[in-house]
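**Student:** Supplied structure: input_13.cif, mmCIF, C-alpha atoms and all ligand atoms.
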```
data_data
#
loop_
_atom_site.label_atom_id
_atom_site.label_comp_id
_atom_site.auth_asym_id
_atom_site.auth_seq_id
_atom_site.Cartn_x
_atom_site.Cartn_y
_atom_site.Cartn_z
CA MET A 1 -44.82 -21.34 37.13
CA ASP A 2 -43.04 -24.37 35.68
CA CYS A 3 -44.20 -27.25 37.89
CA THR A 4 -41.51 -29.59 36.53
CA GLN A 5 -38.78 -27.56 38.24
CA ASN A 6 -37.73 -27.90 41.86
CA LEU A 7 -39.34 -25.34 44.12
CA SER A 8 -37.36 -24.16 47.10
CA LEU A 9 -38.48 -23.64 50.69
CA GLY A 10 -36.02 -20.78 50.95
CA ASP A 11 -32.42 -21.11 52.00
CA PRO A 12 -31.85 -21.68 55.73
CA LEU A 13 -28.09 -21.76 55.10
CA GLU A 14 -27.88 -18.14 53.96
CA PRO A 15 -26.88 -16.76 57.40
CA VAL A 16 -24.33 -19.60 57.70
CA ARG A 17 -22.80 -18.63 54.34
CA LYS A 18 -22.50 -15.03 55.46
CA ALA A 19 -20.90 -16.00 58.79
CA THR A 20 -18.55 -18.43 57.00
CA ALA A 21 -17.36 -15.71 54.62
CA GLN A 22 -16.92 -13.27 57.48
CA MET A 23 -14.87 -15.72 59.57
CA LEU A 24 -12.66 -16.51 56.58
CA ASN A 25 -12.16 -12.84 55.75
CA GLU A 26 -11.21 -12.07 59.33
CA ARG A 27 -9.08 -15.14 60.11
CA ASP A 28 -5.36 -15.08 60.88
CA HIS A 29 -3.72 -17.09 58.08
CA SER A 30 -1.13 -18.63 60.36
CA PHE A 31 -3.71 -20.07 62.78
CA SER A 32 -6.06 -23.05 62.57
CA LEU A 33 -9.70 -22.31 61.74
CA PRO A 34 -12.44 -21.30 64.19
CA GLN A 35 -14.34 -24.20 65.79
CA PRO A 36 -17.48 -24.22 63.55
CA PHE A 37 -15.33 -25.11 60.51
CA TYR A 38 -14.54 -28.41 62.20
CA ASN A 39 -17.71 -29.40 64.01
CA ASP A 40 -20.82 -27.51 62.87
CA GLU A 41 -23.36 -29.43 60.77
CA ARG A 42 -24.64 -26.31 59.02
CA LEU A 43 -21.16 -25.18 58.06
CA PHE A 44 -20.56 -28.76 56.88
CA GLN A 45 -23.52 -28.34 54.50
CA VAL A 46 -21.87 -25.18 53.14
CA ASP A 47 -18.59 -27.13 52.70
CA MET A 48 -20.45 -29.72 50.66
CA GLN A 49 -22.29 -27.19 48.51
CA GLU A 50 -19.37 -24.84 47.91
CA ILE A 51 -16.37 -27.19 47.83
CA PHE A 52 -17.38 -30.80 47.15
CA HIS A 53 -20.19 -29.92 44.76
CA LYS A 54 -18.14 -27.34 42.84
CA GLU A 55 -14.51 -28.48 42.71
CA TRP A 56 -12.99 -31.39 40.76
CA LEU A 57 -12.90 -34.73 42.60
CA ILE A 58 -11.13 -38.00 41.83
CA ALA A 59 -13.94 -40.50 41.22
CA GLY A 60 -11.65 -43.48 40.67
CA MET A 61 -9.20 -44.92 38.20
CA THR A 62 -9.86 -45.70 34.54
CA CYS A 63 -8.53 -49.26 35.04
CA GLU A 64 -11.46 -49.88 37.40
CA ILE A 65 -13.89 -49.60 34.49
CA PRO A 66 -11.79 -51.14 31.69
CA THR A 67 -14.47 -52.05 29.11
CA LYS A 68 -17.79 -50.68 27.90
CA GLY A 69 -20.61 -51.08 30.37
CA ASN A 70 -18.26 -51.22 33.37
CA PHE A 71 -19.42 -48.74 35.99
CA LEU A 72 -18.67 -47.54 39.48
CA THR A 73 -20.89 -45.48 41.75
CA LEU A 74 -20.13 -42.96 44.44
CA GLN A 75 -21.95 -40.67 46.81
CA ILE A 76 -20.95 -37.00 47.17
CA GLY A 77 -22.97 -35.59 50.04
CA ASP A 78 -26.59 -35.99 48.91
CA ASN A 79 -25.62 -36.68 45.31
CA PRO A 80 -25.30 -40.23 43.98
CA VAL A 81 -23.15 -40.38 40.84
CA ILE A 82 -22.46 -43.12 38.31
CA VAL A 83 -19.24 -43.24 36.29
CA LEU A 84 -19.16 -45.65 33.36
CA ARG A 85 -17.31 -46.66 30.22
CA GLY A 86 -19.57 -45.93 27.24
CA ASN A 87 -19.94 -47.72 23.92
CA ASP A 88 -17.51 -45.15 22.54
CA GLY A 89 -14.82 -46.39 24.94
CA GLN A 90 -14.84 -43.05 26.78
CA VAL A 91 -15.56 -42.50 30.46
CA HIS A 92 -18.82 -40.65 31.20
CA ALA A 93 -20.45 -39.58 34.44
CA PHE A 94 -24.13 -39.01 35.26
CA HIS A 95 -26.25 -38.20 38.23
CA ASN A 96 -27.32 -41.65 39.39
CA VAL A 97 -30.95 -40.53 39.57
CA CYS A 98 -33.76 -41.91 37.41
CA ARG A 99 -35.67 -39.27 35.44
CA HIS A 100 -39.00 -41.02 36.15
CA ARG A 101 -39.60 -40.51 39.87
CA GLY A 102 -36.04 -40.08 40.98
CA SER A 103 -35.00 -43.50 42.25
CA ARG A 104 -31.31 -44.22 42.50
CA LEU A 105 -30.56 -46.06 39.30
CA CYS A 106 -27.45 -48.19 39.96
CA VAL A 107 -27.36 -49.54 43.46
CA SER A 108 -24.12 -51.54 43.49
CA ASP A 109 -20.63 -50.09 44.00
CA LYS A 110 -19.29 -51.56 40.77
CA GLY A 111 -20.41 -53.76 37.93
CA LYS A 112 -21.02 -54.21 34.23
CA VAL A 113 -24.25 -53.57 32.36
CA ALA A 114 -25.44 -53.51 28.75
CA LYS A 115 -28.00 -50.80 29.55
CA LEU A 116 -28.91 -48.90 32.71
CA VAL A 117 -32.24 -50.23 33.99
CA CYS A 118 -33.98 -48.54 36.90
CA PRO A 119 -34.89 -51.13 39.55
CA TYR A 120 -38.16 -49.30 40.39
CA HIS A 121 -40.21 -49.32 37.14
CA GLN A 122 -37.56 -50.43 34.64
CA TRP A 123 -37.03 -47.22 32.71
CA THR A 124 -34.01 -48.11 30.58
CA TYR A 125 -31.13 -45.85 29.54
CA GLU A 126 -28.35 -46.19 26.95
CA LEU A 127 -24.76 -45.97 28.27
CA ASP A 128 -24.62 -42.39 26.94
CA GLY A 129 -27.54 -41.43 29.21
CA ARG A 130 -30.34 -41.39 26.58
CA LEU A 131 -33.67 -42.79 27.74
CA LEU A 132 -34.54 -45.78 25.51
CA PHE A 133 -37.62 -47.26 27.16
CA ALA A 134 -40.20 -45.89 29.57
CA GLY A 135 -42.99 -48.44 29.50
CA THR A 136 -45.97 -48.13 27.21
CA GLU A 137 -48.27 -46.04 29.37
CA MET A 138 -46.59 -42.64 29.38
CA GLY A 139 -49.13 -41.08 27.00
CA GLU A 140 -49.04 -39.41 23.62
CA GLY A 141 -47.07 -36.28 24.36
CA PHE A 142 -44.27 -38.15 26.12
CA ASN A 143 -40.91 -37.59 24.51
CA LEU A 144 -38.05 -39.92 25.49
CA ALA A 145 -35.53 -37.27 24.47
CA ASP A 146 -36.73 -35.00 27.30
CA TYR A 147 -35.66 -37.48 29.98
CA SER A 148 -31.98 -38.28 29.47
CA LEU A 149 -29.84 -38.80 32.55
CA LYS A 150 -28.30 -35.57 33.80
CA PRO A 151 -24.60 -35.46 32.91
CA VAL A 152 -21.79 -34.75 35.37
CA ALA A 153 -18.59 -33.08 34.11
CA CYS A 154 -15.95 -35.77 33.63
CA LYS A 155 -12.33 -35.80 32.44
CA THR A 156 -9.66 -38.47 32.45
CA ALA A 157 -5.88 -38.02 32.64
CA GLY A 158 -3.00 -40.32 33.55
CA GLY A 159 -5.36 -43.10 34.61
CA TYR A 160 -7.40 -40.88 36.93
CA ILE A 161 -11.10 -40.05 36.52
CA PHE A 162 -12.03 -36.51 37.59
CA ILE A 163 -15.63 -35.39 38.04
CA SER A 164 -17.26 -32.14 39.05
CA LEU A 165 -20.89 -31.52 39.95
CA ALA A 166 -20.51 -27.84 39.02
CA GLU A 167 -22.22 -26.52 35.92
CA ASN A 168 -19.08 -24.55 35.13
CA PRO A 169 -16.22 -26.40 36.82
CA PRO A 170 -12.94 -24.59 37.47
CA ALA A 171 -10.15 -24.82 34.86
CA ILE A 172 -8.04 -27.96 35.31
CA ASP A 173 -6.65 -28.87 31.87
CA GLU A 174 -3.16 -27.52 32.46
CA PHE A 175 -2.73 -29.77 35.50
CA LEU A 176 -4.23 -32.74 33.65
CA ALA A 177 -1.74 -32.36 30.80
CA THR A 178 1.13 -32.41 33.30
CA LEU A 179 -0.41 -35.34 35.17
CA THR A 180 -0.64 -37.29 31.90
CA HIS A 181 3.05 -36.63 31.27
CA TYR A 182 4.10 -37.67 34.81
CA MET A 183 1.96 -40.85 34.71
CA GLU A 184 3.17 -41.96 31.26
CA PRO A 185 5.77 -44.46 32.60
CA TYR A 186 3.00 -46.23 34.53
CA ASP A 187 0.83 -47.17 31.50
CA MET A 188 -2.26 -46.82 33.66
CA GLU A 189 -4.64 -48.62 31.30
CA ASN A 190 -2.65 -51.76 32.11
CA THR A 191 -2.91 -51.60 35.87
CA LYS A 192 -5.37 -53.08 38.35
CA VAL A 193 -6.45 -52.43 41.91
CA ALA A 194 -4.81 -55.20 43.95
CA VAL A 195 -6.74 -54.27 47.08
CA GLN A 196 -8.71 -51.38 48.48
CA THR A 197 -9.85 -50.37 51.95
CA THR A 198 -12.40 -48.01 53.44
CA LEU A 199 -11.78 -46.38 56.78
CA MET A 200 -14.38 -44.38 58.70
CA GLU A 201 -12.92 -41.62 60.84
CA LYS A 202 -14.80 -39.67 63.50
CA ALA A 203 -13.29 -36.38 62.41
CA ASN A 204 -14.07 -33.49 60.08
CA TRP A 205 -12.66 -33.95 56.57
CA LYS A 206 -10.43 -30.86 56.97
CA LEU A 207 -8.75 -32.43 60.00
CA VAL A 208 -8.03 -35.54 57.92
CA LEU A 209 -6.46 -33.34 55.22
CA GLU A 210 -4.59 -31.12 57.68
CA ASN A 211 -3.09 -34.21 59.27
CA ASN A 212 -2.02 -35.48 55.87
CA ARG A 213 -0.41 -32.19 54.88
CA GLU A 214 2.30 -32.29 57.56
CA CYS A 215 4.82 -34.81 58.79
CA TYR A 216 5.44 -32.90 62.03
CA HIS A 217 3.58 -35.81 63.67
CA CYS A 218 5.44 -38.59 61.81
CA ASN A 219 8.26 -39.17 64.28
CA GLY A 220 5.87 -39.62 67.16
CA SER A 221 3.31 -41.76 65.34
CA HIS A 222 4.46 -43.59 62.21
CA PRO A 223 7.26 -46.13 62.83
CA GLU A 224 6.20 -48.31 59.84
CA LEU A 225 6.03 -45.37 57.42
CA LEU A 226 9.39 -44.02 58.52
CA ASN A 227 11.07 -47.29 57.53
CA THR A 228 11.03 -45.81 54.02
CA LEU A 229 9.58 -42.28 53.89
CA LEU A 230 11.80 -39.23 53.95
CA GLU A 231 9.86 -36.31 55.28
CA TRP A 232 11.14 -33.62 52.95
CA ASP A 233 9.15 -32.77 49.88
CA ASP A 234 11.88 -30.71 48.27
CA VAL A 235 15.60 -29.91 48.44
CA THR A 236 14.53 -26.34 49.23
CA ASP A 237 13.05 -27.46 52.57
CA PRO A 238 15.11 -25.66 55.25
CA ARG A 239 15.43 -28.94 57.16
CA ALA A 240 16.85 -30.89 54.18
CA SER A 241 20.35 -32.27 54.96
CA GLN A 242 23.33 -32.29 52.58
CA ALA A 243 23.15 -36.11 52.47
CA PHE A 244 19.53 -35.81 51.26
CA LYS A 245 20.49 -33.27 48.61
CA ASP A 246 23.28 -35.59 47.40
CA GLN A 247 20.83 -38.49 47.25
CA VAL A 248 18.38 -36.41 45.20
CA ALA A 249 21.19 -35.48 42.77
CA GLU A 250 22.14 -39.16 42.33
CA CYS A 251 18.53 -40.28 41.83
CA THR A 252 17.57 -37.54 39.39
CA THR A 253 20.59 -38.35 37.18
CA ARG A 254 19.34 -41.95 36.97
CA TRP A 255 15.71 -40.87 36.41
CA ASP A 256 16.76 -38.48 33.66
CA LYS A 257 18.44 -41.37 31.84
CA ASP A 258 15.20 -43.40 31.98
CA ASN A 259 13.04 -40.40 31.11
CA ILE A 260 11.16 -40.58 34.44
CA PRO A 261 9.58 -37.21 35.34
CA TYR A 262 10.39 -35.95 38.84
CA ALA A 263 10.58 -32.13 38.89
CA HIS A 264 8.28 -30.31 41.27
CA ALA A 265 5.18 -28.97 39.44
CA SER A 266 2.48 -26.93 41.16
CA PHE A 267 -0.85 -25.59 39.94
CA GLY A 268 -1.87 -22.93 42.40
CA LEU A 269 -2.24 -24.54 45.79
CA ARG A 270 -4.67 -27.16 44.48
CA ASN A 271 -2.25 -29.53 42.75
CA ARG A 272 1.30 -30.52 43.36
CA ILE A 273 3.45 -33.28 41.85
CA VAL A 274 7.00 -34.14 42.85
CA ARG A 275 9.09 -37.30 42.85
CA MET A 276 11.36 -37.70 45.87
CA PRO A 277 13.71 -40.53 46.84
CA LEU A 278 12.76 -42.92 49.63
CA LEU A 279 15.17 -43.70 52.47
CA LYS A 280 18.49 -44.81 51.00
CA GLY A 281 18.49 -48.54 50.30
CA THR A 282 14.68 -48.82 50.14
CA VAL A 283 12.52 -48.83 46.99
CA SER A 284 8.92 -49.23 48.15
CA MET A 285 6.62 -48.43 51.07
CA THR A 286 6.76 -51.91 52.56
CA MET A 287 7.89 -52.96 56.04
CA ASP A 288 11.38 -53.91 54.83
CA GLY A 289 11.56 -51.36 52.01
CA LYS A 290 11.88 -54.04 49.34
CA GLN A 291 9.47 -54.31 46.40
CA GLY A 292 5.87 -55.07 47.32
CA CYS A 293 5.27 -56.38 43.80
CA LYS A 294 7.94 -58.21 41.82
CA LYS A 295 6.49 -57.05 38.49
CA LEU A 296 7.18 -53.35 37.96
CA MET A 297 4.54 -51.00 36.59
CA GLY A 298 4.24 -49.92 32.96
CA ARG A 299 7.54 -49.43 31.12
CA ILE A 300 9.51 -49.05 34.38
CA THR A 301 12.73 -51.10 34.62
CA ASP A 302 14.44 -49.52 37.65
CA PRO A 303 12.53 -50.33 40.87
CA ASP A 304 14.23 -47.43 42.65
CA LEU A 305 11.95 -44.56 41.60
CA GLY A 306 11.41 -43.19 45.08
CA SER A 307 7.85 -41.99 45.44
CA MET A 308 6.03 -39.58 43.16
CA ARG A 309 3.63 -37.66 45.36
CA ILE A 310 0.51 -36.21 43.79
CA LEU A 311 -1.72 -33.83 45.70
CA HIS A 312 -5.21 -32.99 44.53
CA LEU A 313 -7.22 -30.71 46.79
CA PRO A 314 -9.74 -30.94 48.28
CA HIS A 315 -9.43 -34.66 48.83
CA SER A 316 -6.60 -36.80 47.48
CA TRP A 317 -2.94 -37.66 47.96
CA ASN A 318 -1.01 -40.37 46.13
CA HIS A 319 2.29 -42.24 46.21
CA CYS A 320 3.57 -43.71 42.94
CA MET A 321 6.60 -45.98 43.27
CA GLY A 322 8.25 -48.32 40.75
CA ASP A 323 6.34 -51.45 41.75
CA HIS A 324 2.99 -50.13 42.95
CA MET A 325 1.06 -46.98 43.62
CA ILE A 326 -1.39 -45.92 46.32
CA VAL A 327 -4.37 -43.62 45.77
CA PHE A 328 -6.08 -42.04 48.77
CA THR A 329 -9.42 -40.20 48.55
CA VAL A 330 -11.32 -38.47 51.33
CA TRP A 331 -15.14 -38.36 51.37
CA PRO A 332 -16.94 -36.18 53.95
CA ILE A 333 -19.94 -37.93 55.51
CA SER A 334 -20.98 -35.42 58.18
CA ALA A 335 -19.38 -32.59 60.15
CA GLN A 336 -17.50 -35.08 62.31
CA GLU A 337 -17.35 -38.17 60.12
CA THR A 338 -15.15 -38.85 57.09
CA MET A 339 -14.54 -41.86 54.87
CA VAL A 340 -11.00 -42.49 53.59
CA THR A 341 -10.53 -44.93 50.72
CA THR A 342 -7.11 -46.37 49.91
CA LYS A 343 -6.38 -48.26 46.68
CA TRP A 344 -3.17 -50.16 45.98
CA LEU A 345 -2.51 -50.54 42.23
CA VAL A 346 -0.10 -52.91 40.50
CA HIS A 347 0.65 -54.03 36.94
CA LYS A 348 -2.39 -55.72 35.40
CA ASP A 349 -0.42 -58.91 34.77
CA ALA A 350 1.05 -59.16 38.27
CA VAL A 351 -0.21 -62.37 39.90
CA GLU A 352 -1.36 -62.42 43.49
CA GLY A 353 0.60 -64.95 45.55
CA VAL A 354 3.37 -64.99 42.92
CA ASP A 355 4.31 -61.35 42.28
CA TYR A 356 2.70 -59.80 45.32
CA ASP A 357 1.13 -60.66 48.63
CA VAL A 358 -1.83 -58.43 49.51
CA ALA A 359 -1.18 -58.51 53.26
CA ARG A 360 2.43 -57.39 52.73
CA LEU A 361 1.46 -54.77 50.15
CA ARG A 362 -1.00 -53.00 52.45
CA GLN A 363 0.79 -53.43 55.78
CA VAL A 364 2.54 -50.04 56.04
CA TRP A 365 -0.40 -47.91 54.99
CA ASP A 366 -2.94 -49.94 56.97
CA ALA A 367 -0.90 -49.14 60.06
CA THR A 368 -0.30 -45.52 59.00
CA ASN A 369 -3.96 -44.89 58.11
CA ASP A 370 -5.07 -46.19 61.47
CA GLN A 371 -2.51 -44.07 63.31
CA ASP A 372 -3.68 -41.03 61.33
CA ARG A 373 -7.32 -41.89 62.10
CA ARG A 374 -6.56 -41.83 65.82
CA LEU A 375 -4.70 -38.52 65.52
CA ALA A 376 -7.57 -36.89 63.59
CA GLU A 377 -10.17 -38.24 66.04
CA GLU A 378 -8.25 -36.92 69.06
CA ASN A 379 -7.85 -33.60 67.25
CA GLN A 380 -11.64 -33.54 66.76
CA ARG A 381 -12.33 -34.34 70.42
CA GLY A 382 -10.14 -31.47 71.57
CA ILE A 383 -11.60 -29.03 69.04
CA ASN A 384 -15.13 -29.84 70.26
CA SER A 385 -14.18 -28.48 73.69
CA THR A 386 -15.33 -25.04 74.80
CA ALA A 387 -11.63 -24.46 75.55
CA TYR A 388 -10.58 -24.76 71.89
CA GLN A 389 -9.34 -21.65 70.16
CA PRO A 390 -7.42 -21.48 66.88
CA GLY A 391 -3.73 -22.32 67.40
CA PRO A 392 -0.59 -21.31 65.47
CA TYR A 393 0.78 -23.36 62.54
CA SER A 394 4.57 -23.79 62.27
CA LYS A 395 5.79 -22.17 59.03
CA THR A 396 8.60 -24.73 58.79
CA TYR A 397 6.78 -27.94 59.68
CA GLU A 398 3.21 -27.11 58.73
CA PHE A 399 3.50 -25.08 55.52
CA GLY A 400 1.46 -27.79 53.79
CA VAL A 401 -1.39 -27.25 56.26
CA ILE A 402 -1.18 -23.48 55.76
CA ASN A 403 -1.36 -24.05 51.99
CA PHE A 404 -4.37 -26.36 52.31
CA ILE A 405 -6.31 -23.96 54.54
CA ASP A 406 -5.39 -21.01 52.29
CA TRP A 407 -6.66 -22.96 49.26
CA TYR A 408 -9.85 -23.91 51.10
CA SER A 409 -10.47 -20.31 52.20
CA GLU A 410 -9.83 -18.91 48.76
CA ARG A 411 -12.12 -21.41 47.03
CA MET A 412 -14.82 -21.07 49.66
CA LEU A 413 -14.87 -17.27 49.37
CA ASN A 414 -14.76 -17.48 45.58
CA ASN A 415 -17.57 -20.05 45.38
CA LEU A 416 -19.71 -18.29 47.99
CA GLY A 417 -19.59 -15.25 45.73
CA ASP A 418 -21.29 -17.37 43.09
CA THR A 419 -24.30 -18.39 45.16
CA PRO A 420 -27.68 -17.53 43.66
CA ALA A 421 -28.64 -15.67 46.84
CA GLN A 422 -25.64 -13.39 46.36
CA SER A 423 -26.60 -12.75 42.72
CA LEU A 424 -30.14 -11.90 43.79
CA ARG A 425 -28.83 -9.41 46.31
CA GLN A 426 -26.68 -7.87 43.59
CA VAL A 427 -29.70 -7.61 41.30
CA ALA A 428 -31.61 -5.98 44.12
CA GLY A 429 -28.75 -3.47 44.43
CA GLU A 430 -27.87 -4.35 48.02
S1 LIG B 501 -38.19 -44.22 39.33
FE1 LIG B 501 -37.01 -45.16 37.84
S2 LIG B 501 -38.40 -46.19 36.61
FE2 LIG B 501 -39.61 -45.25 38.11
FE FE B 502 0.28 -39.24 59.33
#
```
Can I see the file as structure tokens?
**Tutor:**
Amino acid sequence: MDCTQNLSLGDPLEPVRKATAQMLNERDHSFSLPQPFYNDERLFQVDMQEIFHKEWLIAGMTCEIPTKGNFLTLQIGDNPVIVLRGNDGQVHAFHNVCRHRGSRLCVSDKGKVAKLVCPYHQWTYELDGRLLFAGTEMGEGFNLADYSLKPVACKTAGGYIFISLAENPPAIDEFLATLTHYMEPYDMENTKVAVQTTLMEKANWKLVLENNRECYHCNGSHPELLNTLLEWDDVTDPRASQAFKDQVAECTTRWDKDNIPYAHASFGLRNRIVRMPLLKGTVSMTMDGKQGCKKLMGRITDPDLGSMRILHLPHSWNHCMGDHMIVFTVWPISAQETMVTTKWLVHKDAVEGVDYDVARLRQVWDATNDQDRRLAEENQRGINSTAYQPGPYSKTYEFGVINFIDWYSERMLNNLGDTPAQSLRQVAGE
């Protein structure tokens, strides 16, 4: 027996995995999920292991760690992760766990270091994860090379940093190439986060996503957002009016001239990009629809770019306008608790108080996020009732929710098939 490996107490989640797969196989695709998917702590653990520890996640933006030694940290379920800019100028990610006795290595959210030094006994790592120093008392046979930080899969594209805790993450390069193309006008290396917020919601992460994937609730809940947002994601939407189709035709002619990508691109149900106009006469998601930042992003010269919407399942949606962009990421905390981060990005050279006012920039989405938080929390309260049973989705208004739940089900079933317990059963010929 190799005593340097983790030994397991057995897997108490195995019956939960089986029940999860069975419920997904038997579900009606046009109905919301059975109650345990939204409120059960054990099923939440399966969500974390099979979705958040296996799929690609957006860790942050490259402009947040602009130079070597800049780092940011995040927590994915039980796993602390560090993302940093190495001496080679590239972005790398590691498990934020010291190879000595396992202390968390970087404890702050963000910062800049020359080397990574563990606060416990000062083991010291190079920015590429190699152990450089481990004290003088580790004995003769101790080999520094055996104790590098454990790497986390990491890719960058269009200013976004993607990470995956999986050993063999799913294919994503085709989407990343398209994302790079669509983000080119924004010159993301020359942007900065003007402000960011963190919102804690007492709701399961899937309810936060479901709520985001439809605008059926917008009329009743989002007066600030509807000052500028048009609900339709495409001219093919059966609800799209002729006036909207005419507006799209006018905008796309202009965008073509400026070489601004807009056409709908989808990668399975996981990723979707499309640029759509905002309400006629408005150019940005501000209270009055005027620019939130006077300085436009990247090489953009026409402020009227509508909003490019980027979806990345399981946990991010984005709005990219001419003057600023907004990046939302969703981080599950427990079965009924979710953290939503919102980042507003502007041109790196935009000056606060001159080009933009932070309070004005964040006003619409502060209000909208809080309205969505209340909706998700009330949804959770109702679902916790013994009276809850799955209810029907509208194919017209809630196709985005259907797509999200279909993606989740497909990935969950796929990833459950990969569990070691399943492989063991196969070996045993069960
Ligand atoms: S746990 Fe990091 S140096 Fe001891
Ligand atoms: Fe909403």
**Student:** What residues have any atom no more than 8 Å from ligand FE 502 (chain B) when counting only C-alpha atoms and all ligand atoms, and can you list them as a PDB file with C-alpha atoms, in the coordinates of the input?
**Tutor:**
```pdb
ATOM      1  CA  ASN A 211      -3.090 -34.210  59.270  1.00  0.00           C
ATOM      2  CA  ASN A 212      -2.020 -35.480  55.870  1.00  0.00           C
ATOM      3  CA  GLU A 214       2.300 -32.290  57.560  1.00  0.00           C
ATOM      4  CA  CYS A 215       4.820 -34.810  58.790  1.00  0.00           C
ATOM      5  CA  HIS A 217       3.580 -35.810  63.670  1.00  0.00           C
ATOM      6  CA  CYS A 218       5.440 -38.590  61.810  1.00  0.00           C
ATOM      7  CA  SER A 221       3.310 -41.760  65.340  1.00  0.00           C
ATOM      8  CA  HIS A 222       4.460 -43.590  62.210  1.00  0.00           C
ATOM      9  CA  THR A 368      -0.300 -45.520  59.000  1.00  0.00           C
ATOM     10  CA  ASN A 369      -3.960 -44.890  58.110  1.00  0.00           C
ATOM     11  CA  GLN A 371      -2.510 -44.070  63.310  1.00  0.00           C
ATOM     12  CA  ASP A 372      -3.680 -41.030  61.330  1.00  0.00           C
ATOM     13  CA  LEU A 375      -4.700 -38.520  65.520  1.00  0.00           C
TER      14      LEU A 375
END
```
**Student:** Distance limit 8 Å, reference ligand LIG 501 (chain B), atoms considered: all atoms listed in the file. Which residues make the cut? Give them as number ranges by chain.
**Tutor:** A: 97-105, 117-124, 134
**Student:** Place a sphere of radius 12 Å on (14.1, -49.1, 47.7) in the file coordinates and name every protein, DNA or RNA residue with an atom inside or on its surface, counting all atoms listed in the file; give the answer as number ranges by chain.
**Tutor:** A: 227-230, 251, 276-292, 302-307, 321-323
**Student:** Under the rule of at most 8 Å, produce a per-residue listing of region 33-121 of chain A near region 168-192 of chain A: chain, number, name, the closest pair of atoms, and the distance in Å, as CSV, using all atoms listed in the file.
**Tutor:**
```
residue,atom,partner,partner_atom,distance
A:Lys54,CA,A:Pro169,CA,6.4
A:Glu55,CA,A:Pro169,CA,6.5
A:Trp56,CA,A:Pro169,CA,7.1
A:Thr62,CA,A:Glu189,CA,6.8
A:Cys63,CA,A:Glu189,CA,5.4
A:Glu64,CA,A:Lys192,CA,6.9
A:Pro66,CA,A:Glu189,CA,7.6
```
**Student:** How close does each residue of region 220-259 of chain A get to region 398-418 of chain A, giving the shortest atom pair and distance in Å to one decimal for every residue with an atom at most 12 Å away, counting only C-alpha atoms, sorted by chain and residue number, as CSV?
**Tutor:**
```
residue,atom,partner,partner_atom,distance
A:Glu231,CA,A:Glu398,CA,11.9
A:Trp232,CA,A:Gly400,CA,11.3
A:Asp233,CA,A:Gly400,CA,10.0
A:Asp237,CA,A:Phe399,CA,10.3
A:Pro238,CA,A:Phe399,CA,11.6
```
**Student:** Please complete region 244-255 of chain A so it has N, CA and C atoms, and hand it over as a tab-separated table (two decimals), in the coordinates of the input.
**Tutor:**
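Result file result_4.tsv:
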```tsv
chain	number	residue	atom	x	y	z
A	244	PHE	N	20.78	-35.70	52.02
A	244	PHE	CA	19.53	-35.81	51.26
A	244	PHE	C	19.69	-35.15	49.89
A	245	LYS	N	20.31	-33.97	49.89
A	245	LYS	CA	20.49	-33.27	48.61
A	245	LYS	C	21.38	-34.09	47.67
A	246	ASP	N	22.41	-34.74	48.22
A	246	ASP	CA	23.28	-35.59	47.40
A	246	ASP	C	22.49	-36.78	46.84
A	247	GLN	N	21.63	-37.35	47.69
A	247	GLN	CA	20.83	-38.49	47.25
A	247	GLN	C	19.88	-38.08	46.12
A	248	VAL	N	19.28	-36.91	46.25
A	248	VAL	CA	18.38	-36.41	45.20
A	248	VAL	C	19.16	-36.24	43.89
A	249	ALA	N	20.38	-35.69	43.98
A	249	ALA	CA	21.19	-35.48	42.77
A	249	ALA	C	21.49	-36.81	42.10
A	250	GLU	N	21.82	-37.83	42.90
A	250	GLU	CA	22.14	-39.16	42.33
A	250	GLU	C	20.90	-39.76	41.67
A	251	CYS	N	19.76	-39.68	42.36
A	251	CYS	CA	18.53	-40.28	41.83
A	251	CYS	C	18.08	-39.58	40.55
A	252	THR	N	18.11	-38.26	40.55
A	252	THR	CA	17.57	-37.54	39.39
A	252	THR	C	18.44	-37.77	38.14
A	253	THR	N	19.73	-38.01	38.33
A	253	THR	CA	20.59	-38.35	37.18
A	253	THR	C	20.11	-39.67	36.56
A	254	ARG	N	19.85	-40.64	37.44
A	254	ARG	CA	19.34	-41.95	36.97
A	254	ARG	C	17.97	-41.79	36.30
A	255	TRP	N	17.07	-41.03	36.95
A	255	TRP	CA	15.71	-40.87	36.41
A	255	TRP	C	15.73	-40.14	35.07
```
